[in-house]
Each structure stands twice: as structure tokens, then as C-alpha cells.
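**Student:** Okay, handing you the structure first.
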Amino acid sequence: MSYLGGIILRKVTKFDNRSFDKGKKKFEDKRGKYGKQVFTAEMRRVVGWIVLLLTVCSISLAKVNPGWAADLSNGAAVFSANCAACHMGGKNVVNAAKTLQKEDLQKYDMYDIEKIKYQVIHGKAAMPAFGGRLTAEQIEDVAAYVLAQADKGWK
Ligand code: HEC
């Protein structure tokens with residue numbers, strides 16, 4: 001009787017062990033999958049925050065200093081090729097009052113990257129329009145260069 005009982009007990013425990021192992025494995029598989037999903041979602045959120053932070057930083061930096069986004073050495077090259085004929089050293093050989101010195105830019109409300117870009121694109125009076133000759137990037141760079149030089153007194 002006890003022998004039979006032992007067999008039954010062993011069978012039951014064996015069965016139990018096996019089904020327990022199976023259940024455990026299933027649970028672990030599920031947890032692994034679920035855990036991965038949670039991890040990916042978390043990573044996505046973290047990466048999203050980093051991207052947002054970098055965007056905000058670069059926008060505010062570009063606002064504080066417009067020259068930051070532009071390539072000043074390219075701006076210098078564009079200036080000597082297209083502007084220096086009339087504006088050598090920040091002067092104005094055509095209209096001597098309207099130099100590129102900071103005081104004159106401020107006096108004529110031109111100490112502003114958008115206004116300089118607009119005038120370079122469209123021209124004004126004796127100053128030719130460069131909209132068709134320069135790319136948007138070249139115009140951005142040369143305008144930033146003019147402002148940077150004005151800040152330095154063209155020295
Ligand atoms: C043919 C000569 C000529 C060339 C080339 C020229 N400009 Fe001018 N620029 C002028 C004249 C003339 C004015 C004054 C326009 C006016 O009557 O308001 C002027 C005015 C300006 C002003 C405003 C100055 C102020 O004190 O109000 C800026 C900025 C300027 N030019 C930038 C440039 C840039 C940048 C380039 C090259 C992409 C350039 N200019 C090329 C003749 C020129």
C-alpha cells in the first residue's frame with residue numbers, strides 16, 4: 001500500500017513539477033517580452049526628451065547669438081566676393097552715410113539679421129539684389145558676418 005502510495009505520490013509530484021516548470025517558463029517568457037516592451041517604451045521616452053532638450057537648446061542659442069548657426073568664415077568669403085567692392089572694411093563707397101558700422105546700422109534700423117538678409121535678397125537704391133545670385137545659406141552667412149564684424153568695429 002505504501003509502495004503504491006509512493007508511486008502515486010511520485011507521479012503526482014513529478015507531474016506537478018513539470019507543470020510548474022512549464023508555467024514558470026511561460027511566465028518568464030511573458031515577463032521577458034513584456035519587460036522588453038517596457039524597456040523600449042522607456043528608451044523611446046528618454047530619447048524623445050533628449051531630442052526635445054537639444055532642439056530647445058539650439059533654438060535658444062541661435063536666438064541669443066544669430067552668428068552661432070551661421071558659418072562666419074563662409075560669410076567672410078561671400079562678403080569679399082560680393083560686397084567688398086562697395087563695402088570694403090565696412091564702409092560704403094556709394095552712399096557714404098550708410099556704412100556697415102554698428103552705429104550706422106542702428107541709426108538706419110539695419111542692426112538685425114533678418115533686415116540685412118532682406119536687403120541682400122532684394123537690394124535697395126544703388127545696392128543690387130543678390131537673391132538670384134546667392135543661396136539662402138550664403139545670405140545667412142554673410143548677414144551674420146556683417147553683424148559680427150560690426151560688433152568688432154571691422155577690425
Ligand atoms: C554696388 C554697391 C553695393 C554692393 C555690391 C553691396 N552693397 Fe550694400 N549698400 C550699398 C548701398 C548704396 C547701400 C545704401 C542703400 C540705401 O540707400 O539705403 C547699401 C547698404 C547696405 C546695408 C545697410 C547699411 C546701413 O547703414 O543702413 C547693408 C547691411 C549692406 N548694404 C550689406 C551688403 C551686403 C552684405 C552686400 C553683399 C552681399 C552688399 N551690401 C553689397 C551698395 C552696395
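Each chain in the C-alpha cells gets a letter, A, B and so on, in the order shown; residues start at 1 in every chain, and ligands are counted from 1 in the order they appear.
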Please find the residues contacting ligand 1 at a distance of at most 6 Å between atoms, with only C-alpha atoms and all ligand atoms counted, and report them as a VMD selection string.

**Tutor:** chain A and resid 79 82 to 83 85 to 86 94 to 95 98 to 100 104 to 105 108 110 116 120 124 to 128 142 to 143

**Student:** The selected residues should be written to file as a compact mmCIF listing (two decimals), in the first residue's frame (atoms: N, CA and C atoms).

**Tutor:**
```
# COMPACT_ATOMS: atom_id res chain seq x y z
N PHE A 79 31.33 87.74 -48.51
CA PHE A 79 31.45 89.20 -48.43
C PHE A 79 32.52 89.72 -49.37
N ASN A 82 31.31 89.46 -53.01
CA ASN A 82 30.10 90.14 -53.47
C ASN A 82 29.86 91.54 -52.91
N CYS A 83 30.42 91.82 -51.77
CA CYS A 83 30.06 93.06 -51.08
C CYS A 83 31.22 94.03 -50.96
N ALA A 85 33.38 95.24 -52.85
CA ALA A 85 33.54 96.27 -53.87
C ALA A 85 32.95 97.59 -53.38
N CYS A 86 31.84 97.53 -52.69
CA CYS A 86 31.20 98.75 -52.17
C CYS A 86 31.39 98.91 -50.66
N VAL A 94 29.42 104.00 -52.12
CA VAL A 94 28.36 104.59 -52.94
C VAL A 94 27.57 105.62 -52.14
N ASN A 95 27.18 105.24 -50.94
CA ASN A 95 26.43 106.12 -50.05
C ASN A 95 27.18 106.17 -48.72
N LYS A 98 25.71 105.45 -45.20
CA LYS A 98 25.22 104.13 -44.80
C LYS A 98 26.31 103.06 -44.78
N THR A 99 27.20 103.20 -43.82
CA THR A 99 28.28 102.21 -43.68
C THR A 99 27.75 100.97 -42.97
N LEU A 100 28.61 99.99 -42.80
CA LEU A 100 28.23 98.78 -42.08
C LEU A 100 28.76 98.81 -40.65
N ASP A 104 25.90 103.09 -37.61
CA ASP A 104 25.08 103.39 -38.79
C ASP A 104 23.99 102.34 -38.98
N LEU A 105 24.33 101.08 -38.74
CA LEU A 105 23.32 100.02 -38.87
C LEU A 105 22.17 100.30 -37.90
N TYR A 108 20.06 103.38 -39.04
CA TYR A 108 19.13 103.14 -40.14
C TYR A 108 18.30 101.87 -39.92
N MET A 110 19.13 98.83 -39.28
CA MET A 110 19.60 97.67 -40.04
C MET A 110 20.42 96.70 -39.17
N ILE A 116 19.01 92.64 -42.67
CA ILE A 116 20.17 92.58 -43.58
C ILE A 116 19.89 91.54 -44.66
N VAL A 120 19.82 92.21 -48.65
CA VAL A 120 20.74 91.49 -49.55
C VAL A 120 19.93 90.77 -50.63
N LYS A 124 18.55 97.57 -52.49
CA LYS A 124 17.91 98.82 -52.07
C LYS A 124 18.68 99.96 -52.70
N ALA A 125 17.97 100.88 -53.38
CA ALA A 125 18.60 102.02 -54.06
C ALA A 125 19.76 101.51 -54.93
N ALA A 126 20.98 102.02 -54.71
CA ALA A 126 22.10 101.64 -55.55
C ALA A 126 22.68 100.27 -55.21
N MET A 127 22.17 99.67 -54.15
CA MET A 127 22.69 98.33 -53.79
C MET A 127 21.91 97.26 -54.55
N PRO A 128 22.66 96.44 -55.30
CA PRO A 128 21.97 95.42 -56.11
C PRO A 128 21.34 94.31 -55.26
N VAL A 142 26.56 85.61 -44.79
CA VAL A 142 27.14 86.94 -45.00
C VAL A 142 26.48 87.96 -44.07
N ALA A 143 25.18 87.79 -43.81
CA ALA A 143 24.49 88.71 -42.90
C ALA A 143 25.05 88.55 -41.48
```

**Student:** Find the spatial neighbours of Ile139 in chain A, counting only C-alpha atoms, within a cut-off of 12 Å - ignore same-chain residues fewer than 4 positions away - and output them as a ChimeraX atom specification.

**Tutor:** /A:70-72,74-79,82-83,113-122,129-135,143-146

**Student:** CA of Trp154 in chain A and CA of Gly89 in chain A, how far apart in Å?

**Tutor:**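 Rounded to one decimal, the two atoms are 6.0 Å apart.
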
**Student:** In range 84-125 of chain A, what's helix (DSSP H, G or I) per DSSP? Answer as a ChimeraX atom specification?

**Tutor:** /A:84-90,102-107,113-122
